[in-house]
$ cat data25.cif   # mmCIF, C-alpha atoms
data_target
#
loop_
_atom_site.label_atom_id
_atom_site.label_comp_id
_atom_site.auth_asym_id
_atom_site.auth_seq_id
_atom_site.Cartn_x
_atom_site.Cartn_y
_atom_site.Cartn_z
CA MET A 27 19.82 5.85 -14.75
CA LYS A 28 17.12 7.75 -12.84
CA VAL A 29 13.80 5.96 -12.56
CA THR A 30 10.52 7.78 -12.02
CA ILE A 31 7.42 5.66 -11.51
CA GLU A 32 4.20 6.01 -9.63
CA PRO A 33 4.50 4.22 -6.25
CA PRO A 34 2.67 0.90 -6.32
CA VAL A 35 -0.06 0.40 -3.76
CA GLU A 36 -0.58 -2.67 -1.64
CA VAL A 37 -3.55 -4.26 -3.37
CA SER A 38 -4.29 -7.61 -4.90
CA MET A 39 -3.59 -7.46 -8.61
CA PRO A 40 -3.01 -9.90 -11.47
CA TRP A 41 0.56 -10.95 -12.09
CA ASP A 42 0.58 -9.33 -15.54
CA THR A 43 -0.18 -5.94 -13.97
CA ASP A 44 2.28 -6.46 -11.14
CA HIS A 45 4.95 -7.57 -13.58
CA ALA A 46 4.49 -4.44 -15.68
CA THR A 47 4.35 -1.90 -12.83
CA ARG A 48 6.53 -3.37 -10.06
CA MET A 49 8.50 -6.48 -11.02
CA HIS A 50 9.48 -6.01 -14.67
CA PRO A 51 13.14 -7.12 -14.98
CA ALA A 52 14.33 -3.83 -16.51
CA LEU A 53 12.53 -1.79 -13.85
CA VAL A 54 13.79 -3.90 -10.94
CA THR A 55 17.32 -3.79 -12.34
CA ALA A 56 17.23 0.00 -12.59
CA LEU A 57 15.81 0.35 -9.06
CA LEU A 58 18.44 -1.99 -7.63
CA HIS A 59 21.21 -0.09 -9.42
CA GLU A 60 19.99 3.10 -7.74
CA SER A 61 19.58 1.67 -4.26
CA VAL A 62 22.65 -0.60 -4.29
CA PRO A 63 25.37 1.11 -6.38
CA ILE A 64 27.75 -1.88 -6.30
CA LEU A 65 25.18 -3.77 -8.41
CA ARG A 66 25.41 -1.10 -11.09
CA HIS A 67 29.19 -1.24 -10.93
CA ILE A 68 29.28 -4.97 -11.68
CA ASP A 69 26.34 -4.71 -14.15
CA PHE A 70 24.20 -7.18 -12.21
CA THR A 71 20.97 -7.59 -14.19
CA ILE A 72 17.61 -9.21 -13.54
CA LEU A 73 16.83 -11.18 -16.69
CA GLU A 74 13.45 -12.69 -15.91
CA THR A 75 10.80 -12.67 -13.20
CA GLY A 76 7.79 -14.89 -12.68
CA VAL A 77 5.59 -15.77 -9.74
CA GLY A 78 8.02 -17.21 -7.20
CA TYR A 79 10.84 -17.09 -9.71
CA ALA A 80 13.79 -14.89 -10.68
CA ARG A 81 16.74 -15.32 -13.01
CA ALA A 82 19.66 -12.90 -12.96
CA LEU A 83 22.97 -12.31 -14.70
CA LEU A 84 26.39 -11.57 -13.20
CA PRO A 85 28.47 -10.86 -16.33
CA LEU A 86 32.09 -11.84 -16.56
CA ASN A 87 33.77 -8.46 -16.62
CA ARG A 88 36.72 -6.69 -15.06
CA GLU A 89 34.60 -5.36 -12.18
CA SER A 90 33.29 -8.76 -11.09
CA THR A 91 36.40 -10.95 -11.47
CA ASN A 92 39.43 -11.73 -9.35
CA GLN A 93 43.09 -12.12 -10.25
CA HIS A 94 42.34 -15.42 -12.01
CA GLY A 95 39.78 -13.89 -14.36
CA THR A 96 36.98 -15.79 -12.64
CA HIS A 97 34.07 -14.44 -10.65
CA GLY A 98 34.92 -13.42 -7.12
CA ALA A 99 33.21 -15.66 -4.58
CA GLY A 100 31.91 -12.69 -2.62
CA LEU A 101 30.27 -11.16 -5.67
CA MET A 102 28.63 -14.46 -6.52
CA THR A 103 27.16 -14.38 -3.02
CA VAL A 104 25.88 -10.82 -3.51
CA ALA A 105 24.26 -11.84 -6.79
CA ALA A 106 22.58 -14.82 -5.14
CA ASP A 107 21.32 -12.65 -2.27
CA TYR A 108 19.45 -10.23 -4.54
CA THR A 109 18.18 -12.91 -6.93
CA GLY A 110 16.56 -14.85 -4.10
CA GLY A 111 15.09 -11.69 -2.63
CA ILE A 112 13.51 -10.73 -5.95
CA ALA A 113 12.00 -14.22 -6.30
CA LEU A 114 10.37 -13.83 -2.88
CA ALA A 115 9.17 -10.31 -3.69
CA THR A 116 7.29 -11.56 -6.75
CA LEU A 117 4.76 -13.26 -4.46
CA LEU A 118 3.55 -9.99 -2.93
CA HIS A 119 1.61 -8.55 -5.86
CA GLY A 120 1.41 -4.77 -5.66
CA THR A 121 3.47 -4.48 -2.46
CA PRO A 122 6.47 -2.11 -2.55
CA ILE A 123 9.69 -3.54 -1.12
CA ILE A 124 11.35 -1.12 1.28
CA GLY A 125 14.67 0.08 -0.08
CA VAL A 126 13.77 -0.83 -3.66
CA HIS A 127 10.35 0.56 -4.61
CA PRO A 128 9.02 4.04 -3.79
CA GLN A 129 7.05 3.97 -0.54
CA PRO A 130 3.63 5.71 -0.60
CA SER A 131 3.16 4.96 3.12
CA ASP A 132 4.30 2.45 5.71
CA SER A 133 2.47 -0.32 3.82
CA GLY A 134 5.65 -1.68 2.26
CA ALA A 135 7.39 -4.97 2.96
CA ALA A 136 10.53 -5.33 5.03
CA LEU A 137 12.68 -7.95 3.30
CA TRP A 138 16.14 -8.83 4.58
CA ALA A 139 18.55 -11.70 4.04
CA THR A 140 19.29 -13.46 7.33
CA SER A 141 21.65 -16.19 6.13
CA LEU A 142 23.34 -17.32 2.97
CA THR A 143 25.34 -20.46 2.27
CA VAL A 144 27.12 -21.03 -1.03
CA ALA A 145 28.71 -24.29 -2.11
CA TYR A 146 31.31 -23.47 -4.79
CA LYS A 147 31.84 -26.38 -7.17
CA ALA A 148 34.03 -24.95 -9.93
CA PRO A 149 35.56 -21.62 -11.04
CA SER A 150 33.09 -19.39 -12.85
CA ALA A 151 34.79 -18.30 -16.06
CA GLY A 152 31.80 -17.14 -18.10
CA ASP A 153 28.66 -15.06 -17.73
CA LEU A 154 26.95 -16.37 -14.61
CA THR A 155 23.19 -16.87 -14.39
CA ILE A 156 21.54 -17.28 -11.02
CA THR A 157 18.13 -18.94 -10.81
CA ALA A 158 15.89 -18.85 -7.74
CA THR A 159 12.62 -20.77 -7.58
CA ILE A 160 10.07 -21.03 -4.79
CA ALA A 161 7.93 -24.17 -4.87
CA PRO A 162 4.36 -23.36 -6.04
CA GLN A 163 2.81 -25.15 -3.07
CA GLU A 164 4.47 -22.60 -0.76
CA HIS A 165 3.13 -19.48 -2.49
CA ASP A 166 -0.25 -19.21 -0.77
CA ARG A 167 1.22 -19.94 2.66
CA ILE A 168 3.82 -17.16 2.29
CA ARG A 169 1.20 -14.67 1.07
CA ARG A 170 -1.21 -15.61 3.85
CA GLN A 171 1.41 -15.24 6.57
CA TYR A 172 2.47 -11.89 5.18
CA ARG A 173 -1.07 -10.52 4.91
CA GLN A 174 -1.83 -11.66 8.46
CA GLY A 175 1.11 -9.60 9.69
CA GLN A 176 3.21 -12.58 10.70
CA ALA A 177 6.98 -12.70 10.42
CA THR A 178 7.88 -15.08 7.63
CA ARG A 179 11.27 -16.76 7.40
CA GLU A 180 11.91 -18.48 4.11
CA CYS A 181 14.80 -20.49 2.68
CA ILE A 182 15.27 -20.29 -1.08
CA GLU A 183 17.45 -22.62 -3.13
CA MET A 184 19.44 -21.27 -6.07
CA THR A 185 21.68 -22.59 -8.82
CA LEU A 186 24.55 -20.61 -10.33
CA VAL A 187 25.47 -21.64 -13.86
CA ALA A 188 28.31 -20.53 -16.14
CA GLU A 189 28.94 -21.89 -19.64
CA GLY A 190 26.26 -24.54 -19.08
CA VAL A 191 27.91 -25.88 -15.92
CA ILE A 192 26.61 -25.56 -12.36
CA VAL A 193 29.51 -23.78 -10.67
CA ALA A 194 27.75 -23.25 -7.33
CA THR A 195 24.53 -23.78 -5.41
CA ALA A 196 23.19 -21.46 -2.74
CA THR A 197 20.65 -21.48 0.06
CA ALA A 198 19.50 -18.10 1.33
CA GLY A 199 17.30 -17.35 4.33
CA TYR A 200 15.06 -14.26 4.29
CA TYR A 201 12.98 -12.39 6.82
CA LEU A 202 9.74 -10.96 5.42
CA ARG A 203 7.09 -8.89 7.20
CA GLN A 204 4.81 -5.91 6.75
CA ALA A 205 6.74 -2.79 7.74
CA ARG A 206 3.86 -1.55 9.89
CA GLU A 207 4.07 -4.75 11.93
CA LEU A 208 7.64 -3.94 12.97
CA LYS A 209 6.36 -1.17 15.24
CA PRO A 210 6.13 -1.91 18.98
CA ARG A 211 2.62 -2.65 20.21
CA THR A 212 3.12 -1.62 23.86
CA PRO A 213 5.17 1.18 25.45
CA THR A 214 7.54 -1.35 27.03
CA ALA A 215 7.81 -3.75 24.08
CA ARG A 216 11.26 -4.76 22.90
CA LEU A 217 11.94 -3.17 19.53
CA ASN A 218 12.28 -5.29 16.43
CA THR A 219 15.88 -5.19 15.16
CA LEU A 220 14.86 -3.75 11.79
CA PHE A 221 12.67 -1.10 13.41
CA ARG A 222 15.50 -0.13 15.75
CA HIS A 223 17.86 0.20 12.80
CA ARG A 224 15.35 2.36 10.93
CA LEU A 225 14.88 4.54 14.01
CA LYS A 226 18.59 5.16 14.51
CA SER A 227 19.20 5.61 10.80
CA SER A 228 16.59 8.36 10.61
CA ALA A 229 18.20 10.22 13.52
CA ARG A 230 21.68 9.88 12.04
CA LEU A 231 20.45 11.02 8.62
CA ILE A 232 19.06 14.26 10.06
CA ALA A 233 22.29 14.82 11.99
CA GLY A 234 24.22 14.23 8.76
CA LEU A 235 22.07 16.74 6.89
CA ARG A 236 22.56 19.30 9.66
CA ALA A 237 26.31 18.72 9.55
CA THR A 238 26.46 19.69 5.86
CA GLU A 239 25.39 23.23 6.77
CA ASN A 240 28.74 23.72 8.51
CA THR A 241 30.44 23.51 5.11
CA MET A 242 28.27 26.13 3.39
CA PRO A 243 29.87 29.51 2.47
CA THR A 244 27.17 31.36 4.43
CA PRO A 245 25.64 28.80 6.82
CA LEU A 246 22.20 29.43 8.27
CA TYR A 247 23.48 28.10 11.60
CA THR A 248 26.51 26.38 13.07
CA ASP A 249 26.14 22.98 14.70
CA PRO A 250 29.57 21.74 15.85
CA TYR A 251 28.04 18.59 17.32
CA ALA A 252 26.17 17.37 14.22
CA PRO A 253 29.14 15.59 12.58
CA LEU A 254 29.72 13.53 15.71
CA ALA A 255 26.03 12.76 16.10
CA ALA A 256 25.82 11.66 12.46
CA GLY A 257 28.89 9.45 12.48
CA GLN A 258 30.04 7.68 9.35
CA HIS A 259 26.60 6.14 8.83
CA GLY A 260 24.77 9.46 9.01
CA ARG A 261 27.23 11.16 6.68
CA LEU A 262 26.80 8.40 4.11
CA LEU A 263 22.99 8.55 4.35
CA ALA A 264 23.07 12.34 3.97
CA GLU A 265 25.25 12.11 0.86
CA ARG A 266 22.90 9.60 -0.75
CA PHE A 267 19.72 11.46 0.13
CA ILE A 268 21.14 14.75 -1.11
CA GLU A 269 22.04 13.06 -4.38
CA TYR A 270 18.49 11.85 -4.95
CA VAL A 271 16.55 14.62 -3.19
CA PRO A 272 18.75 17.76 -3.29
CA GLN A 273 16.08 19.97 -1.75
CA LEU A 274 16.12 17.90 1.46
CA ARG A 275 19.30 19.58 2.70
CA GLU A 276 17.84 23.05 2.25
CA MET A 277 14.58 22.00 3.90
CA VAL A 278 16.32 20.66 7.01
CA ALA A 279 18.59 23.72 7.16
CA ALA A 280 15.64 26.11 6.89
CA ARG A 281 13.55 24.42 9.56
CA THR A 282 16.57 24.14 11.87
CA ARG A 283 17.26 27.87 11.57
CA ASP A 284 13.58 28.70 11.96
CA ILE A 285 13.30 26.71 15.20
CA ASP A 286 16.60 28.11 16.48
CA ASP A 287 15.26 31.64 15.94
CA PHE A 288 11.96 30.78 17.60
CA ILE A 289 13.78 29.41 20.66
CA ALA A 290 16.03 32.48 20.83
CA GLN A 291 12.97 34.72 20.82
CA ALA A 292 11.31 32.62 23.55
CA LEU A 293 14.43 32.87 25.69
CA GLU A 294 14.43 36.65 25.33
CA GLU A 295 10.80 36.67 26.45
CA GLY A 296 11.69 34.72 29.56
CA VAL A 297 10.56 31.19 28.67
CA ARG A 298 12.63 28.69 30.63
CA GLN A 299 10.94 25.35 29.97
CA PHE A 300 11.32 23.47 26.68
CA VAL A 301 10.01 20.11 25.48
CA LEU A 302 11.65 18.40 22.48
CA VAL A 303 9.31 15.72 21.14
CA GLY A 304 11.14 13.08 19.12
CA VAL A 305 14.51 14.52 20.10
CA GLY A 306 16.62 11.90 18.27
CA LEU A 307 20.23 13.06 18.06
CA ASP A 308 19.45 16.78 18.23
CA PHE A 309 22.20 18.65 20.09
CA ARG A 310 20.17 21.86 20.06
CA PRO A 311 20.00 22.08 23.91
CA PHE A 312 23.80 22.23 24.09
CA ARG A 313 23.97 24.79 21.29
CA LEU A 314 21.26 27.17 22.47
CA PHE A 315 20.95 26.85 26.24
CA ARG A 316 24.58 26.90 27.39
CA GLU A 317 24.22 30.49 28.60
CA TYR A 318 20.91 29.80 30.36
CA PRO A 319 21.57 27.61 33.42
CA ASP A 320 17.99 28.10 34.62
CA VAL A 321 16.47 26.46 31.54
CA ALA A 322 14.83 23.03 31.94
CA VAL A 323 14.74 20.77 28.90
CA PHE A 324 12.63 17.63 28.56
CA GLU A 325 13.77 15.30 25.76
CA LEU A 326 11.13 12.80 24.61
CA ASP A 327 11.68 9.79 22.37
CA LEU A 328 11.48 6.01 22.29
CA PRO A 329 13.59 4.46 25.07
CA ASP A 330 15.91 2.75 22.56
CA MET A 331 16.53 6.06 20.81
CA LEU A 332 17.29 7.73 24.13
CA LEU A 333 19.84 5.03 24.91
CA GLU A 334 21.53 5.75 21.59
CA ARG A 335 21.33 9.47 22.30
CA GLU A 336 23.02 9.06 25.67
CA LYS A 337 25.71 6.89 24.09
CA VAL A 338 26.49 9.56 21.49
CA ILE A 339 26.42 12.38 24.04
CA SER A 340 28.79 10.51 26.34
CA ASN A 341 31.41 10.54 23.57
CA VAL A 342 31.57 14.34 23.63
CA LEU A 343 34.10 15.35 26.26
CA THR A 344 33.29 19.05 26.58
CA LEU A 345 29.59 19.80 26.74
CA PRO A 346 27.96 22.62 28.68
CA GLN A 347 25.98 21.62 31.75
CA ILE A 348 22.29 21.74 30.87
CA SER A 349 19.33 20.80 33.04
CA ARG A 350 17.82 18.11 30.84
CA ARG A 351 15.63 15.12 31.48
CA MET A 352 15.23 12.29 28.96
CA ILE A 353 11.77 10.71 29.02
CA GLY A 354 10.91 7.51 27.20
CA ILE A 355 7.64 7.61 25.26
CA ASN A 356 5.93 5.84 22.41
CA LEU A 357 4.08 8.60 20.56
CA GLU A 358 1.84 6.05 18.84
CA LEU A 359 0.57 4.69 22.14
CA GLN A 360 1.07 7.30 24.85
CA ASP A 361 -0.14 10.83 25.49
CA VAL A 362 2.56 13.50 25.78
CA ALA A 363 0.65 15.47 28.40
CA ASP A 364 0.18 12.40 30.61
CA VAL A 365 3.84 11.45 30.37
CA LEU A 366 4.99 14.96 31.21
CA ALA A 367 2.53 15.24 34.09
CA ALA A 368 4.17 12.21 35.69
CA GLU A 369 7.51 14.06 35.80
CA ALA A 370 8.01 15.80 39.12
CA ASP A 371 10.24 18.47 37.60
CA TYR A 372 7.82 19.43 34.85
CA GLN A 373 5.76 22.54 35.60
CA SER A 374 2.47 22.53 33.76
CA THR A 375 1.60 26.11 34.73
CA VAL A 376 4.61 27.96 33.30
CA PRO A 377 5.13 29.11 29.69
CA THR A 378 6.60 26.22 27.71
CA VAL A 379 7.92 25.81 24.17
CA VAL A 380 7.22 22.43 22.57
CA ILE A 381 9.28 21.46 19.51
CA PHE A 382 7.82 18.81 17.20
CA GLU A 383 10.28 18.74 14.30
CA GLY A 384 10.30 16.36 11.35
CA MET A 385 7.94 13.86 12.99
CA SER A 386 4.63 14.20 11.16
CA MET A 387 5.66 11.89 8.34
CA TYR A 388 5.77 8.93 10.73
CA PHE A 389 2.13 9.12 11.85
CA ASP A 390 -1.28 8.99 10.21
CA PRO A 391 -3.42 12.16 10.23
CA ASP A 392 -5.59 11.03 13.15
CA ARG A 393 -2.57 10.40 15.33
CA ILE A 394 -1.03 13.74 14.38
CA GLU A 395 -4.25 15.50 15.38
CA ALA A 396 -4.28 13.64 18.69
CA LEU A 397 -0.64 14.57 19.36
CA PHE A 398 -1.26 18.24 18.76
#
$ encode --input "data25.cif" --output "structure tokens"
Amino acid sequence: MKVTIEPPVEVSMPWDTDHATRMHPALVTALLHESVPILRHIDFTILETGVGYARALLPLNRESTNQHGTHGAGLMTVAADYTGGIALATLLHGTPIIGVHPQPSDSGAALWATSLTVAYKAPSAGDLTITATIAPQEHDRIRRQYRQGQATRECIEMTLVAEGVIVATATAGYYLRQARELKPRTPTARLNTLFRHRLKSSARLIAGLRATENTMPTPLYTDPYAPLAAGQHGRLLAERFIEYVPQLREMVAARTRDIDDFIAQALEEGVRQFVLVGVGLDFRPFRLFREYPDVAVFELDLPDMLLEREKVISNVLTLPQISRRMIGINLELQDVADVLAAEADYQSTVPTVVIFEGMSMYFDPDRIEALF
């Protein structure tokens, strides 16, 4: 089932409005089935949502049972995980949950399970209902911590009932924070684990999309390194994004070819200095500059991304020798010109091509203007 709704905005709203536009059981079920296909496969369903409350169903069916005809313990755990997460999400009226709701900006909530303990008491041989409840006296504290940008870690108790009998109890821990607060605040700050994952996932996704062009009957370009850069994770992300947003593959292919052509023209005109801003896992220097030993390439990105880049590059045994310098930078906090000026090898007086590809979506308009 494809779901099309207007993205909710992060505003204070009455529960009735929030329930209708963001947390209605049928809507949340459909969104979860899209974002987590295994939940569709087992027909996991949100039955009821309230403020600090969620009740869900794991039906007894062939897909969810083991050889004994009872619910598999692992699937009971999965069901508990998402039920508790939905209960916590009900407290953030109007706030989109990353990975579930459409994201109008970076104002969404990062919500991840950090621990989950299940005590199995009896075999579950009937439709299983999972109930998660957050004590009312905790609601305002959780909302306040979230709105103040603090990291909130909550434990939620759940009961799992089949045929009127409690067959298991569960305790799940969750990490909750505004997505914008995951960003580093200083150039040398240690990256939040979730932000680091998002950063690497974005780079692998683009590599995965570039890799798909190699399979086209008449490819716009050939990138032999993209499949390795993408890895299994990037290929999976590319498949899923292409399924939901088919035009994304063509967009990435078109801009890749366009930039390749622009670089080729610059090389013909004698340009020998190139700056790749937000380089990610782009292997373009090895594709386009292998016949130009006098070219100097400066690759800019967050230090953690550059570490991942170097790790991926080191796994390629036969790469052309390119004069390239990786430079750590936080584009939110640092000026590109200042960072480049500090590099002894960078020549500010020679013609230079600067590539800023696929980055504008990560910054607000004022920051984009400042970068340019």
$ resolve_selection --input "data25.cif" --expression "the PyMOL selection byres ((chain A and resi 264) around 8)" --output "JSON, numbers by chain"
{"A": [231, 232, 234, 235, 260, 261, 262, 263, 265, 266, 267, 268]}
$ residues_around --input "data25.cif" --residues "Tyr108 in chain A" --least-positions-apart "5" --cutoff "10 Å" --atoms "all atoms listed in the file" --output "number ranges by chain"
A: 58, 65, 70, 72, 80, 82, 103, 113-114, 138-139, 156, 158, 198
$ resolve_selection --input "data25.cif" --expression "the PyMOL selection byres ((chain A and resi 57) around 12)" --output "ChimeraX atom specification"
/A:27-31,48-56,58-63,65-66,70-72,112,122-128
$ residues_around --input "data25.cif" --residues "range 379-381 of chain A" --least-positions-apart "2" --cutoff "9 Å" --atoms "all atoms listed in the file" --output "MDAnalysis selection string"
chainID A and resid 285 289 292 297:305 377 383
$ residues_around --input "data25.cif" --residues "Gly190 in chain A" --least-positions-apart "6" --cutoff "10 Å" --atoms "all atoms listed in the file" --output "PyMOL selection string"
chain A and resi 152-155
$ closest_residue --input "data25.cif" --among "A:Leu220, A:Ala229, A:Met102, A:Ala136" --to "Thr195 in chain A" --atoms "only C-alpha atoms"
A:Met102
$ atom_distance --input "data25.cif" --atom1 "CA of Val104 in chain A" --atom2 "CA of Arg230 in chain A"
26.2 Å
$ resolve_selection --input "data25.cif" --expression "the PyMOL selection byres ((chain A and resi 201) around 8)" --output "JSON, numbers by chain"
{"A": [136, 137, 138, 139, 140, 177, 178, 179, 180, 199, 200, 202, 203]}
$ closest_atom_pairs --input "data25.cif" --of "range 223-308 of chain A" --to "range 214-218 of chain A" --cutoff "12 Å" --atoms "only C-alpha atoms" --output "Markdown table"
| residue | atom | partner | partner_atom | distance |
| --- | --- | --- | --- | --- |
| A:His223 | CA | A:Asn218 | CA | 8.6 |
| A:Arg224 | CA | A:Asn218 | CA | 9.9 |
| A:Leu225 | CA | A:Leu217 | CA | 9.9 |
| A:Lys226 | CA | A:Leu217 | CA | 11.8 |
